[in-house]
Amino acid sequence: MDTVLQSRTLDTRPIAPSLFAHFVLRSSNMAKMVDWYCTVLDMHVVQRNDFICFMTYDNEHHRLAVVNIEGLHEPDAQAWGLAHVAYTFRDIGELLSTWRRLKDKGIEPYRPIHHGPTISLYYRDPDGNSVELQVDRYKTKEECSAYFTSDAFRKNPIGVAFDPAALAAAYEAGMPEAELMEVPDGPPAPLGSARR
């Protein structure tokens with residue numbers, strides 16, 4: 001029986017990806033890097049050998065790979081390149097629970113910032129790469145996106161520094177989520193370096 005082929009036409013319009021799949025880091029500290037990402041993002045190792053380690057935190061085959069290359073050095077802080085990667089949690093309770101768990105393990109954010117549309121904690125991995133853990137301030141993506149066009153965001157696109165310990169204490173004391181998510185009073189947070 002012969003198979004009848006059905007012709008197809010490739011789409012000529014731009015097509016956005018369906019998801020962000022993974023990123024790959026080169027490192028000379030693979031063991032420390034793998035331990036850090038497994039701790040911080042609750043990842044698990046999918047496959048590992050002396051050259052590369054694949055990890056994930058969900059049903060994607062891998063979300064991060066670390067390639068082990070001996071003799072690498074830290075990039076110059078003034079070089080261009082990736083500033084940070086960001087991960088979103090479902091709610092403020094998850095973000096603050098993660099902050100507390102990591103703090104108890106000696107992993108502290110170097111930059112807590114309420115950006116307006118997000119509340120964010122920035123960490124550095126063992127190689128100095130910046131990782132943002134965040135929660136959206138608004139319930140819908142549309143509301144978050146609308147904040148980007150607001151006068152408040154135009155006036156302060158970086159945000160305001162905040163104290164995660166104070167926010168965690170307010171959360172545990174039962175402060176309503178809407179109040180927890182409000183932008184605190186304060187001057188704009190200074191621009192920071194992505195490197196040490």
# chains A, B, ... in the order shown; residues from 1 in each chain; ligands from 1

$ closest_atom_pairs --of "segment 96-164 of chain A" --to "segment 173-194 of chain A" --cutoff "7 Å" --atoms "only C-alpha atoms" --output "JSON lines"
{"residue": "A:His114", "atom": "CA", "partner": "A:Val183", "partner_atom": "CA", "distance": 6.3}
{"residue": "A:Gly116", "atom": "CA", "partner": "A:Val183", "partner_atom": "CA", "distance": 6.0}
{"residue": "A:Ser130", "atom": "CA", "partner": "A:Ala194", "partner_atom": "CA", "distance": 5.9}
{"residue": "A:Arg137", "atom": "CA", "partner": "A:Met181", "partner_atom": "CA", "distance": 5.7}
{"residue": "A:Asn156", "atom": "CA", "partner": "A:Pro188", "partner_atom": "CA", "distance": 6.3}
{"residue": "A:Ile158", "atom": "CA", "partner": "A:Ala189", "partner_atom": "CA", "distance": 6.4}
{"residue": "A:Gly159", "atom": "CA", "partner": "A:Pro188", "partner_atom": "CA", "distance": 5.5}
{"residue": "A:Val160", "atom": "CA", "partner": "A:Ala189", "partner_atom": "CA", "distance": 4.9}
{"residue": "A:Ala161", "atom": "CA", "partner": "A:Ala189", "partner_atom": "CA", "distance": 5.4}

$ closest_atom_pairs --of "segment 63-120 of chain A" --to "segment 47-58 of chain A" --cutoff "6 Å" --atoms "only C-alpha atoms" --output "CSV"
residue,atom,partner,partner_atom,distance
A:Arg63,CA,A:Thr56,CA,4.8
A:Leu64,CA,A:Met55,CA,5.4
A:Ala65,CA,A:Phe54,CA,4.4
A:Val66,CA,A:Cys53,CA,5.3
A:Val67,CA,A:Ile52,CA,4.4
A:Asn68,CA,A:Phe51,CA,5.0

$ select_by_dssp --residues "chain A" --states "helix (DSSP H, G or I)" --output "PyMOL selection string"
chain A and resi 30-40+92-104+141-147+151-155+164-172+177-180

$ atom_distance --atom1 "atom CA of Leu133 of chain A" --atom2 "atom CA of Ser120 of chain A"
5.6 Å

$ closest_residue --among "A:Arg13, A:Lys155, A:His22, A:Arg8" --to "His62 of chain A" --atoms "only C-alpha atoms"
A:His22

$ residues_around --residues "segment 25-35 of chain A" --least-positions-apart "2" --cutoff "7 Å" --atoms "only C-alpha atoms" --output "list in words"
Phe23, Tyr37, Cys38, Thr39, Ala65, Val66, Val67, Asn68, Ile69, Glu70, Gly71, Leu72, Asp125 and Pro126 of chain A

$ write_last_selection --atoms "C-alpha atoms" --output "mmCIF file, in the first residue's frame"
data_model
loop_
_atom_site.group_PDB
_atom_site.id
_atom_site.type_symbol
_atom_site.label_atom_id
_atom_site.label_comp_id
_atom_site.auth_asym_id
_atom_site.auth_seq_id
_atom_site.Cartn_x
_atom_site.Cartn_y
_atom_site.Cartn_z
ATOM 1 C CA PHE A 23 20.136 27.606 29.343
ATOM 2 C CA TYR A 37 21.146 25.039 41.551
ATOM 3 C CA CYS A 38 19.720 21.850 43.060
ATOM 4 C CA THR A 39 19.476 23.673 46.402
ATOM 5 C CA ALA A 65 23.052 22.237 31.863
ATOM 6 C CA VAL A 66 26.478 22.903 33.334
ATOM 7 C CA VAL A 67 29.450 22.141 31.102
ATOM 8 C CA ASN A 68 32.656 21.370 32.982
ATOM 9 C CA ILE A 69 35.651 23.126 31.383
ATOM 10 C CA GLU A 70 38.863 23.337 33.389
ATOM 11 C CA GLY A 71 40.771 26.600 33.664
ATOM 12 C CA LEU A 72 37.989 29.124 33.015
ATOM 13 C CA ASP A 125 25.664 31.299 42.025
ATOM 14 C CA PRO A 126 29.174 29.993 42.877
#

$ closest_residue --among "A:Ala165, A:Tyr138, A:Gly128, A:Glu143" --to "Ala77 of chain A" --atoms "only C-alpha atoms"
A:Gly128

$ atom_distance --atom1 "atom CA of Lys103 of chain A" --atom2 "atom CA of Gln78 of chain A"
29.0 Å
